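Visitor: This is the content of structure03.cif (mmCIF, C-alpha atoms):
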data_start
#
loop_
_atom_site.group_PDB
_atom_site.id
_atom_site.type_symbol
_atom_site.label_atom_id
_atom_site.label_comp_id
_atom_site.auth_asym_id
_atom_site.auth_seq_id
_atom_site.Cartn_x
_atom_site.Cartn_y
_atom_site.Cartn_z
ATOM 1 C CA MET A 1 0.000 0.000 0.000
ATOM 2 C CA LEU A 2 1.475 3.357 -1.023
ATOM 3 C CA ILE A 3 2.025 6.207 1.409
ATOM 4 C CA GLY A 4 -0.931 8.283 0.201
ATOM 5 C CA GLU A 5 -3.357 5.418 0.720
ATOM 6 C CA VAL A 6 -1.872 4.633 4.127
ATOM 7 C CA ALA A 7 -2.256 8.291 5.148
ATOM 8 C CA ARG A 8 -5.891 8.326 4.015
ATOM 9 C CA ARG A 9 -6.817 5.129 5.856
ATOM 10 C CA SER A 10 -4.811 5.677 9.034
ATOM 11 C CA GLY A 11 -5.380 9.401 9.512
ATOM 12 C CA VAL A 12 -1.617 9.917 9.872
ATOM 13 C CA SER A 13 -0.357 12.536 7.445
ATOM 14 C CA SER A 14 2.118 11.659 4.723
ATOM 15 C CA ARG A 15 4.506 14.164 6.265
ATOM 16 C CA MET A 16 4.343 12.387 9.655
ATOM 17 C CA LEU A 17 4.802 8.991 7.982
ATOM 18 C CA ARG A 18 7.965 10.280 6.307
ATOM 19 C CA HIS A 19 9.099 11.592 9.708
ATOM 20 C CA TYR A 20 8.516 8.159 11.240
ATOM 21 C CA ASP A 21 10.581 6.667 8.469
ATOM 22 C CA SER A 22 13.456 9.102 9.027
ATOM 23 C CA LEU A 23 13.474 8.275 12.756
ATOM 24 C CA GLY A 24 13.332 4.550 12.122
ATOM 25 C CA LEU A 25 10.015 4.197 13.933
ATOM 26 C CA VAL A 26 8.090 2.828 10.948
ATOM 27 C CA ARG A 27 10.095 2.014 7.877
ATOM 28 C CA PRO A 28 8.092 0.699 4.919
ATOM 29 C CA THR A 29 9.004 -2.865 4.071
ATOM 30 C CA GLY A 30 9.275 -2.268 0.338
ATOM 31 C CA ARG A 31 9.653 0.210 -2.495
ATOM 32 C CA THR A 32 7.950 0.276 -5.857
ATOM 33 C CA PHE A 33 9.916 0.269 -9.121
ATOM 34 C CA GLY A 34 9.482 4.031 -9.077
ATOM 35 C CA GLY A 35 11.026 4.319 -5.575
ATOM 36 C CA TYR A 36 7.798 5.047 -3.723
ATOM 37 C CA ARG A 37 7.323 3.757 -0.181
ATOM 38 C CA GLU A 38 5.192 0.639 0.017
ATOM 39 C CA TYR A 39 3.765 -0.440 3.362
ATOM 40 C CA SER A 40 2.935 -4.016 4.318
ATOM 41 C CA ASP A 41 0.155 -5.059 6.671
ATOM 42 C CA GLU A 42 2.741 -5.405 9.441
ATOM 43 C CA ASP A 43 3.991 -1.861 8.768
ATOM 44 C CA ILE A 44 0.452 -0.515 9.102
ATOM 45 C CA ARG A 45 -0.032 -2.362 12.391
ATOM 46 C CA ARG A 46 3.177 -0.711 13.641
ATOM 47 C CA ILE A 47 1.846 2.702 12.602
ATOM 48 C CA PHE A 48 -1.239 2.171 14.747
ATOM 49 C CA HIS A 49 0.990 0.933 17.571
ATOM 50 C CA VAL A 50 3.023 4.142 17.423
ATOM 51 C CA GLU A 51 -0.126 6.275 17.328
ATOM 52 C CA SER A 52 -1.553 4.446 20.347
ATOM 53 C CA LEU A 53 1.589 5.149 22.367
ATOM 54 C CA ARG A 54 1.564 8.784 21.245
ATOM 55 C CA SER A 55 -1.988 9.089 22.577
ATOM 56 C CA LEU A 56 -0.649 8.178 26.029
ATOM 57 C CA GLY A 57 1.684 11.172 25.896
ATOM 58 C CA LEU A 58 4.933 9.392 25.030
ATOM 59 C CA SER A 59 7.545 11.257 23.027
ATOM 60 C CA LEU A 60 8.726 9.736 19.755
ATOM 61 C CA ARG A 61 12.034 8.907 21.432
ATOM 62 C CA GLU A 62 10.229 7.019 24.213
ATOM 63 C CA ILE A 63 8.131 5.213 21.617
ATOM 64 C CA GLY A 64 11.245 4.124 19.740
ATOM 65 C CA ARG A 65 12.744 2.774 22.967
ATOM 66 C CA ALA A 66 9.520 0.967 23.847
ATOM 67 C CA LEU A 67 9.371 -0.721 20.433
ATOM 68 C CA GLU A 68 13.032 -1.668 20.074
ATOM 69 C CA ASP A 69 14.459 -2.349 23.564
ATOM 70 C CA PRO A 70 13.788 -5.983 24.587
ATOM 71 C CA ALA A 71 14.599 -5.145 28.225
ATOM 72 C CA PHE A 72 12.179 -2.237 28.331
ATOM 73 C CA GLU A 73 9.543 -2.561 31.082
ATOM 74 C CA PRO A 74 6.190 -1.041 30.072
ATOM 75 C CA SER A 75 5.110 -0.750 33.715
ATOM 76 C CA ASP A 76 8.018 1.639 34.449
ATOM 77 C CA LEU A 77 6.974 3.890 31.593
ATOM 78 C CA VAL A 78 3.303 3.807 32.591
ATOM 79 C CA ARG A 79 4.181 4.799 36.168
ATOM 80 C CA ASP A 80 6.326 7.641 34.870
ATOM 81 C CA LEU A 81 3.463 8.787 32.644
ATOM 82 C CA ILE A 82 1.106 8.720 35.619
ATOM 83 C CA ARG A 83 3.511 10.859 37.663
ATOM 84 C CA ARG A 84 3.995 13.401 34.882
ATOM 85 C CA THR A 85 0.264 13.568 34.196
ATOM 86 C CA GLU A 86 -0.519 14.123 37.884
ATOM 87 C CA GLU A 87 2.041 16.933 38.025
ATOM 88 C CA ARG A 88 0.530 18.550 34.931
ATOM 89 C CA LEU A 89 -2.997 18.240 36.324
ATOM 90 C CA ASN A 90 -1.883 19.782 39.615
ATOM 91 C CA ARG A 91 -0.342 22.733 37.768
ATOM 92 C CA GLU A 92 -3.492 23.185 35.726
ATOM 93 C CA GLN A 93 -5.682 22.916 38.836
ATOM 94 C CA GLU A 94 -3.593 25.608 40.529
ATOM 95 C CA LEU A 95 -4.027 27.826 37.480
ATOM 96 C CA LEU A 96 -7.768 27.123 37.421
ATOM 97 C CA ASP A 97 -8.070 27.978 41.112
ATOM 98 C CA ARG A 98 -6.240 31.249 40.545
ATOM 99 C CA LEU A 99 -8.403 32.160 37.585
ATOM 100 C CA ARG A 100 -11.545 31.406 39.585
ATOM 101 C CA ALA A 101 -10.236 33.515 42.449
ATOM 102 C CA VAL A 102 -9.633 36.433 40.102
ATOM 103 C CA ASP A 103 -13.038 35.976 38.482
ATOM 104 C CA GLY A 104 -14.779 35.653 41.854
ATOM 105 C CA SER A 105 -13.356 38.976 42.995
ATOM 106 C CA ALA A 106 -15.168 40.653 40.083
ATOM 107 C CA PRO A 107 -12.326 43.006 39.086
ATOM 108 C CA THR A 108 -13.436 46.038 37.097
ATOM 109 C CA GLY A 109 -10.140 46.543 35.299
ATOM 110 C CA TRP A 110 -6.567 45.372 34.964
ATOM 111 C CA GLU A 111 -5.645 47.173 38.169
ATOM 112 C CA GLY A 112 -8.098 44.965 40.059
ATOM 113 C CA VAL A 113 -6.796 41.819 38.348
ATOM 114 C CA LEU A 114 -3.193 42.690 39.215
ATOM 115 C CA ARG A 115 -4.164 43.361 42.829
ATOM 116 C CA ILE A 116 -5.787 39.938 43.188
ATOM 117 C CA VAL A 117 -2.776 38.268 41.550
ATOM 118 C CA GLU A 118 -0.494 40.059 44.016
ATOM 119 C CA LEU A 119 -2.618 38.841 46.920
ATOM 120 C CA LEU A 120 -2.531 35.290 45.562
ATOM 121 C CA HIS A 121 1.253 35.397 45.360
ATOM 122 C CA GLY A 122 1.403 36.640 48.935
ATOM 123 C CA LEU A 123 -0.989 34.036 50.332
ATOM 124 C CA ASN A 124 0.771 31.240 48.423
ATOM 125 C CA SER A 125 4.287 32.357 49.292
ATOM 126 C CA PRO A 126 6.644 29.644 50.572
ATOM 127 C CA HIS A 127 7.621 32.034 53.377
ATOM 128 C CA ALA A 128 5.333 32.064 56.429
ATOM 129 C CA ALA A 129 6.182 35.690 57.242
ATOM 130 C CA ARG A 130 5.052 36.832 53.781
ATOM 131 C CA ARG A 131 1.777 34.884 54.080
ATOM 132 C CA GLN A 132 1.110 36.378 57.509
ATOM 133 C CA GLN A 133 1.941 39.876 56.269
ATOM 134 C CA THR A 134 -0.529 39.482 53.409
ATOM 135 C CA ALA A 135 -3.267 38.297 55.769
ATOM 136 C CA LEU A 136 -2.723 41.272 58.086
ATOM 137 C CA ALA A 137 -2.397 43.858 55.326
ATOM 138 C CA PRO A 138 -4.786 46.816 55.582
ATOM 139 C CA ALA A 139 -5.973 46.201 52.015
ATOM 140 C CA GLU A 140 -9.233 44.272 51.755
ATOM 141 C CA VAL A 141 -8.743 40.624 50.805
ATOM 142 C CA PRO A 142 -11.729 38.742 49.314
ATOM 143 C CA ALA A 143 -13.225 36.160 51.689
ATOM 144 C CA GLU A 144 -12.889 33.405 49.079
ATOM 145 C CA LEU A 145 -9.112 33.883 48.898
ATOM 146 C CA LEU A 146 -8.750 33.949 52.668
ATOM 147 C CA ALA A 147 -10.889 30.835 53.090
ATOM 148 C CA GLY A 148 -8.758 28.905 50.614
ATOM 149 C CA ALA A 149 -5.617 30.016 52.427
ATOM 150 C CA VAL A 150 -7.086 29.045 55.829
ATOM 151 C CA LEU A 151 -7.827 25.519 54.633
ATOM 152 C CA ALA A 152 -4.277 25.066 53.328
ATOM 153 C CA GLU A 153 -2.293 26.772 56.109
ATOM 154 C CA ALA A 154 -0.330 24.534 58.489
ATOM 155 C CA ASP A 155 1.664 27.228 60.311
ATOM 156 C CA PRO A 156 -0.301 28.077 63.506
ATOM 157 C CA ASN A 157 0.753 31.739 63.565
ATOM 158 C CA VAL A 158 -0.172 32.342 59.943
ATOM 159 C CA ALA A 159 -3.399 30.361 60.397
ATOM 160 C CA GLY A 160 -4.396 32.590 63.310
ATOM 161 C CA ALA A 161 -3.804 35.711 61.225
ATOM 162 C CA LEU A 162 -5.815 34.270 58.351
ATOM 163 C CA ARG A 163 -8.753 33.363 60.620
ATOM 164 C CA TRP A 164 -8.733 36.882 62.041
ATOM 165 C CA ALA A 165 -8.686 38.398 58.570
ATOM 166 C CA LEU A 166 -11.475 36.083 57.398
ATOM 167 C CA ALA A 167 -13.707 36.967 60.358
ATOM 168 C CA ARG A 168 -13.046 40.644 59.662
ATOM 169 C CA ALA A 169 -13.744 40.278 55.941
ATOM 170 C CA GLY A 170 -17.354 39.196 56.504
ATOM 171 C CA GLY A 171 -19.109 38.316 53.272
ATOM 172 C CA ASP A 172 -19.562 34.690 52.382
ATOM 173 C CA GLY A 173 -16.793 33.299 54.557
ATOM 174 C CA VAL A 174 -18.729 30.345 55.992
ATOM 175 C CA ALA A 175 -19.861 29.197 52.552
ATOM 176 C CA SER A 176 -16.267 29.412 51.336
ATOM 177 C CA LEU A 177 -15.160 27.152 54.197
ATOM 178 C CA ALA A 178 -17.985 24.650 53.730
ATOM 179 C CA SER A 179 -16.074 22.473 51.281
ATOM 180 C CA GLY A 180 -13.239 22.202 53.795
ATOM 181 C CA ALA A 181 -15.639 21.080 56.513
ATOM 182 C CA ARG A 182 -16.617 18.160 54.256
ATOM 183 C CA SER A 183 -13.084 17.331 53.109
ATOM 184 C CA GLY A 184 -11.738 13.790 53.284
ATOM 185 C CA ASP A 185 -8.554 15.272 54.793
ATOM 186 C CA VAL A 186 -8.996 15.490 58.562
ATOM 187 C CA ASP A 187 -6.470 18.333 58.871
ATOM 188 C CA VAL A 188 -8.477 20.422 56.416
ATOM 189 C CA ARG A 189 -11.686 19.712 58.347
ATOM 190 C CA ARG A 190 -10.027 20.779 61.589
ATOM 191 C CA ARG A 191 -8.866 24.051 60.028
ATOM 192 C CA ALA A 192 -12.295 24.703 58.561
ATOM 193 C CA ILE A 193 -14.177 24.143 61.831
ATOM 194 C CA LEU A 194 -11.663 26.188 63.822
ATOM 195 C CA ALA A 195 -12.233 29.085 61.424
ATOM 196 C CA ILE A 196 -16.016 28.690 61.381
ATOM 197 C CA ALA A 197 -16.020 28.621 65.189
ATOM 198 C CA GLY A 198 -14.850 32.234 65.171
ATOM 199 C CA MET A 199 -17.568 33.442 62.803
ATOM 200 C CA PRO A 200 -21.013 34.696 63.864
ATOM 201 C CA GLY A 201 -24.405 33.900 62.424
ATOM 202 C CA ASP A 202 -26.854 31.085 61.833
ATOM 203 C CA GLU A 203 -24.909 29.701 58.870
ATOM 204 C CA ALA A 204 -21.856 29.177 61.044
ATOM 205 C CA ALA A 205 -23.985 27.555 63.763
ATOM 206 C CA ALA A 206 -25.489 25.170 61.216
ATOM 207 C CA ALA A 207 -22.033 24.159 59.963
ATOM 208 C CA LEU A 208 -20.853 23.569 63.527
ATOM 209 C CA THR A 209 -23.932 21.472 64.279
ATOM 210 C CA ASP A 210 -23.192 19.303 61.254
ATOM 211 C CA ALA A 211 -19.621 18.879 62.520
ATOM 212 C CA LEU A 212 -20.913 17.253 65.733
ATOM 213 C CA GLY A 213 -21.273 14.104 63.632
ATOM 214 C CA ASP A 214 -17.708 14.194 62.340
ATOM 215 C CA PRO A 215 -15.688 10.981 62.871
ATOM 216 C CA ASP A 216 -12.726 12.962 64.195
ATOM 217 C CA PRO A 217 -12.873 13.728 67.969
ATOM 218 C CA ALA A 218 -10.927 16.986 67.570
ATOM 219 C CA VAL A 219 -13.407 18.302 64.998
ATOM 220 C CA ARG A 220 -16.375 17.331 67.196
ATOM 221 C CA ALA A 221 -14.760 18.892 70.267
ATOM 222 C CA ARG A 222 -14.070 22.222 68.578
ATOM 223 C CA ALA A 223 -17.596 22.339 67.159
ATOM 224 C CA ALA A 224 -19.159 21.480 70.539
ATOM 225 C CA LEU A 225 -17.187 24.125 72.417
ATOM 226 C CA ALA A 226 -18.105 26.784 69.871
ATOM 227 C CA LEU A 227 -21.780 25.811 69.809
ATOM 228 C CA GLY A 228 -22.017 25.596 73.586
ATOM 229 C CA SER A 229 -20.479 29.047 73.919
ATOM 230 C CA ARG A 230 -23.250 30.296 71.635
ATOM 231 C CA GLY A 231 -25.880 28.783 73.905
ATOM 232 C CA GLU A 232 -26.739 25.891 71.576
ATOM 233 C CA SER A 233 -27.938 22.896 73.603
ATOM 234 C CA ALA A 234 -27.223 20.533 70.694
ATOM 235 C CA ALA A 235 -23.637 20.515 71.971
ATOM 236 C CA VAL A 236 -24.527 18.943 75.339
ATOM 237 C CA PRO A 237 -23.995 15.224 74.472
ATOM 238 C CA GLU A 238 -20.580 15.894 72.947
ATOM 239 C CA LEU A 239 -19.516 18.155 75.804
ATOM 240 C CA VAL A 240 -20.463 15.499 78.342
ATOM 241 C CA ARG A 241 -18.568 12.912 76.295
ATOM 242 C CA MET A 242 -15.528 15.211 76.363
ATOM 243 C CA VAL A 243 -15.662 15.272 80.165
ATOM 244 C CA VAL A 244 -15.958 11.490 80.319
ATOM 245 C CA GLU A 245 -13.082 10.931 77.877
ATOM 246 C CA GLY A 246 -10.852 13.667 79.301
ATOM 247 C CA THR A 247 -10.763 15.638 76.020
ATOM 248 C CA THR A 248 -10.383 19.311 77.011
ATOM 249 C CA ASP A 249 -12.631 18.319 79.887
ATOM 250 C CA VAL A 250 -12.136 21.470 81.990
ATOM 251 C CA GLU A 251 -13.143 23.742 79.108
ATOM 252 C CA ALA A 252 -16.055 21.431 78.266
ATOM 253 C CA ALA A 253 -17.272 21.553 81.883
ATOM 254 C CA GLU A 254 -17.108 25.360 81.870
ATOM 255 C CA VAL A 255 -19.200 25.523 78.705
ATOM 256 C CA LEU A 256 -21.702 23.088 80.227
ATOM 257 C CA GLY A 257 -21.924 25.443 83.182
ATOM 258 C CA THR A 258 -22.734 28.322 80.844
ATOM 259 C CA LEU A 259 -25.457 26.273 79.149
ATOM 260 C CA ALA A 260 -26.861 25.278 82.548
ATOM 261 C CA ARG A 261 -27.987 28.860 83.141
ATOM 262 C CA ASP A 262 -31.072 27.833 81.198
ATOM 263 C CA ASP A 263 -33.325 25.798 83.501
ATOM 264 C CA GLY A 264 -34.448 23.317 80.852
ATOM 265 C CA THR A 265 -30.935 22.729 79.616
ATOM 266 C CA ALA A 266 -29.619 22.460 83.184
ATOM 267 C CA ASP A 267 -31.908 19.521 83.932
ATOM 268 C CA ARG A 268 -30.758 17.818 80.728
ATOM 269 C CA ILE A 269 -27.095 18.327 81.615
ATOM 270 C CA MET A 270 -27.532 17.074 85.168
ATOM 271 C CA SER A 271 -29.310 13.977 83.910
ATOM 272 C CA ALA A 272 -26.479 13.282 81.487
ATOM 273 C CA LEU A 273 -23.752 13.801 84.107
ATOM 274 C CA THR A 274 -25.403 11.628 86.741
ATOM 275 C CA GLY A 275 -26.115 8.937 84.178
ATOM 276 C CA GLU A 276 -22.446 8.792 83.275
ATOM 277 C CA LEU A 277 -21.429 8.792 86.946
ATOM 278 C CA ALA A 278 -23.326 5.541 87.413
ATOM 279 C CA THR A 279 -21.335 3.649 84.772
ATOM 280 C CA ALA A 280 -18.049 5.470 84.113
ATOM 281 C CA ASP A 281 -14.600 4.211 85.073
ATOM 282 C CA PRO A 282 -12.883 5.688 88.181
ATOM 283 C CA SER A 283 -10.888 8.414 86.400
ATOM 284 C CA ALA A 284 -13.930 9.544 84.425
ATOM 285 C CA ARG A 285 -16.032 9.659 87.612
ATOM 286 C CA ILE A 286 -13.492 12.061 89.099
ATOM 287 C CA ARG A 287 -13.787 14.357 86.074
ATOM 288 C CA LEU A 288 -17.574 14.160 86.171
ATOM 289 C CA THR A 289 -17.575 15.023 89.880
ATOM 290 C CA GLN A 290 -15.346 18.016 89.206
ATOM 291 C CA ALA A 291 -17.698 19.138 86.418
ATOM 292 C CA LEU A 292 -20.610 19.300 88.883
ATOM 293 C CA VAL A 293 -19.107 22.379 90.510
ATOM 294 C CA GLU A 294 -19.867 24.306 87.301
ATOM 295 C CA MET A 295 -23.565 23.512 87.627
ATOM 296 C CA PRO A 296 -26.115 25.665 89.508
ATOM 297 C CA PRO A 297 -25.538 24.972 93.221
ATOM 298 C CA ALA A 298 -29.195 24.184 93.801
ATOM 299 C CA LEU A 299 -28.865 21.239 91.421
ATOM 300 C CA ALA A 300 -25.297 20.178 92.129
ATOM 301 C CA LEU A 301 -25.337 20.090 95.945
ATOM 302 C CA ASP A 302 -27.670 17.118 96.366
ATOM 303 C CA VAL A 303 -25.625 15.058 93.923
ATOM 304 C CA LEU A 304 -22.362 16.048 95.614
ATOM 305 C CA ARG A 305 -23.777 15.100 99.034
ATOM 306 C CA ASP A 306 -24.670 11.667 97.714
ATOM 307 C CA LEU A 307 -21.235 11.285 96.174
ATOM 308 C CA ALA A 308 -19.618 12.211 99.484
ATOM 309 C CA GLU A 309 -20.776 8.750 100.624
ATOM 310 C CA ASP A 310 -19.488 7.029 97.485
ATOM 311 C CA ASP A 311 -17.664 3.696 97.783
ATOM 312 C CA ASP A 312 -14.785 5.188 95.812
ATOM 313 C CA ARG A 313 -12.788 7.031 98.480
ATOM 314 C CA THR A 314 -11.252 9.495 96.006
ATOM 315 C CA VAL A 315 -14.634 10.442 94.574
ATOM 316 C CA ALA A 316 -16.111 10.755 98.066
ATOM 317 C CA LEU A 317 -13.370 13.078 99.322
ATOM 318 C CA LEU A 318 -13.534 15.218 96.172
ATOM 319 C CA ALA A 319 -17.320 15.494 96.347
ATOM 320 C CA SER A 320 -17.178 16.469 100.034
ATOM 321 C CA ALA A 321 -14.625 19.199 99.305
ATOM 322 C CA LEU A 322 -16.627 20.561 96.385
ATOM 323 C CA ALA A 323 -19.827 20.557 98.406
ATOM 324 C CA GLY A 324 -18.012 22.543 101.091
ATOM 325 C CA ALA A 325 -16.760 24.999 98.486
ATOM 326 C CA LEU A 326 -20.335 25.555 97.337
ATOM 327 C CA GLY A 327 -21.319 26.482 100.896
ATOM 328 C CA ALA A 328 -22.770 23.164 102.076
ATOM 329 C CA PRO A 329 -21.479 20.952 104.878
ATOM 330 C CA GLY A 330 -19.334 18.039 103.679
#
Can you give me the file's structure in the form of structure tokens?
Guide:
Amino acid sequence: MLIGEVARRSGVSSRMLRHYDSLGLVRPTGRTFGGYREYSDEDIRRIFHVESLRSLGLSLREIGRALEDPAFEPSDLVRDLIRRTEERLNREQELLDRLRAVDGSAPTGWEGVLRIVELLHGLNSPHAARRQQTALAPAEVPAELLAGAVLAEADPNVAGALRWALARAGGDGVASLASGARSGDVDVRRRAILAIAGMPGDEAAAALTDALGDPDPAVRARAALALGSRGESAAVPELVRMVVEGTTDVEAAEVLGTLARDDGTADRIMSALTGELATADPSARIRLTQALVEMPPALALDVLRDLAEDDDRTVALLASALAGALGAPG
């Protein structure tokens, strides 16, 4: 089959076929009496082989090696292609994120575009001091940019500055953090909830309530403390669990005490604490006894008096001392 016919049937141009020939990738088996290239069926199969490898992103040099080197391992090349493709996709995703950030800031001219690009460079700087400086700059930074930086920031000092700037920025900060609160990366979820905890409003409260069901204890704890401080009784079960498990138990007990200022919530908290006291292990019972001192004295004293007679000597002595501190005889 002559080169023109091969080009028509294969979709590979005559020019590319001649290039393959010059590189030794696909050399036609024969020549006509007039000197024209003549391709056999095997040559055509090799053309399609080359084109298939090109579609994977291989260079012509890599294709030549793959076809001619008997010791060549295809798996090595495939893994290398995967790595290079992932790197390219990451670069393109970074570019896409930057373009979306610029577009989301709704710049009215090139000056606005350049300002957003400058902010992006600052927030994405490899130097923590530069990132912190950008977050604390007097210039207004769009909430979407700050939220993205918050979710990615591992340095605690920079993260604190970013959370402050995000809370100050207002706007749609909670919505911008929502994807982070649902991330499969636990560190990202922790950053998101920590940032949302410092933001006011019903939307933030709803996000924190959702986080009470998170599989990570640190995420649940941060959400419960923030919700409880807002007066949300939905945090009570998690706060009680924190006392039982010894996870920031002193802070959890203080927040429970704040919630107990509401009579209805106080009864619920007391019921939960006394229920746990009946079944908890010795160390947890000590923490639960200590937490009772944060409750309204009118509710806590009777329980502390009963505990002063507890079979566990440590619990009994602690309860007696706490009852005395609340103004009742031990």
Visitor: What gap, in Å, lies between CA of Leu239 (chain A) and CA of Gly275 (chain A)?
Guide: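 About the pair CA of Leu239 (chain A) and CA of Gly275 (chain A): they are 14.1 Å apart.
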Visitor: Using the chain letters and numbers from the file, give me the residues hit by the PyMOL selection byres ((chain A and resi 181) around 9), as a PyMOL selection string.
Guide: chain A and resi 177-180+182-184+186+188-193+207+211
Visitor: Report as a PyMOL selection string the full result of the PyMOL selection byres ((chain A and resi 164-168) around 7) when it is applied to this structure.
Guide: chain A and resi 135-136+143+146-147+160-163+169-170+173+198-199
Visitor: Extract, using all atoms listed in the file, all DNA, RNA and protein residues at most 9 Å from Pro282 (chain A), discarding same-chain residues fewer than 4 positions from it, and format them as a VMD selection string.
Guide: chain A and resid 286 to 287 312 314 to 315
Visitor: Report as a VMD selection string the residues that result from applying the PyMOL selection byres ((chain A and resi 284) around 12) to the structure here.
Guide: chain A and resid 240 to 247 249 273 to 274 276 to 283 285 to 291 314 to 315
Visitor: Which of these, A:His49, A:Arg65, A:Arg54, A:His127, has the shortest distance to Leu23 (chain A) once you count all atoms listed in the file?
Guide: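 Answer, going by the shortest atom-to-atom distance: A:Arg65.
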Visitor: As an exercise, work out the distance from CA of Leu304 (chain A) to CA of Ala325 (chain A) in Å and give it to one decimal place.
Guide: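 Distance between the two atoms: 10.9 Å.
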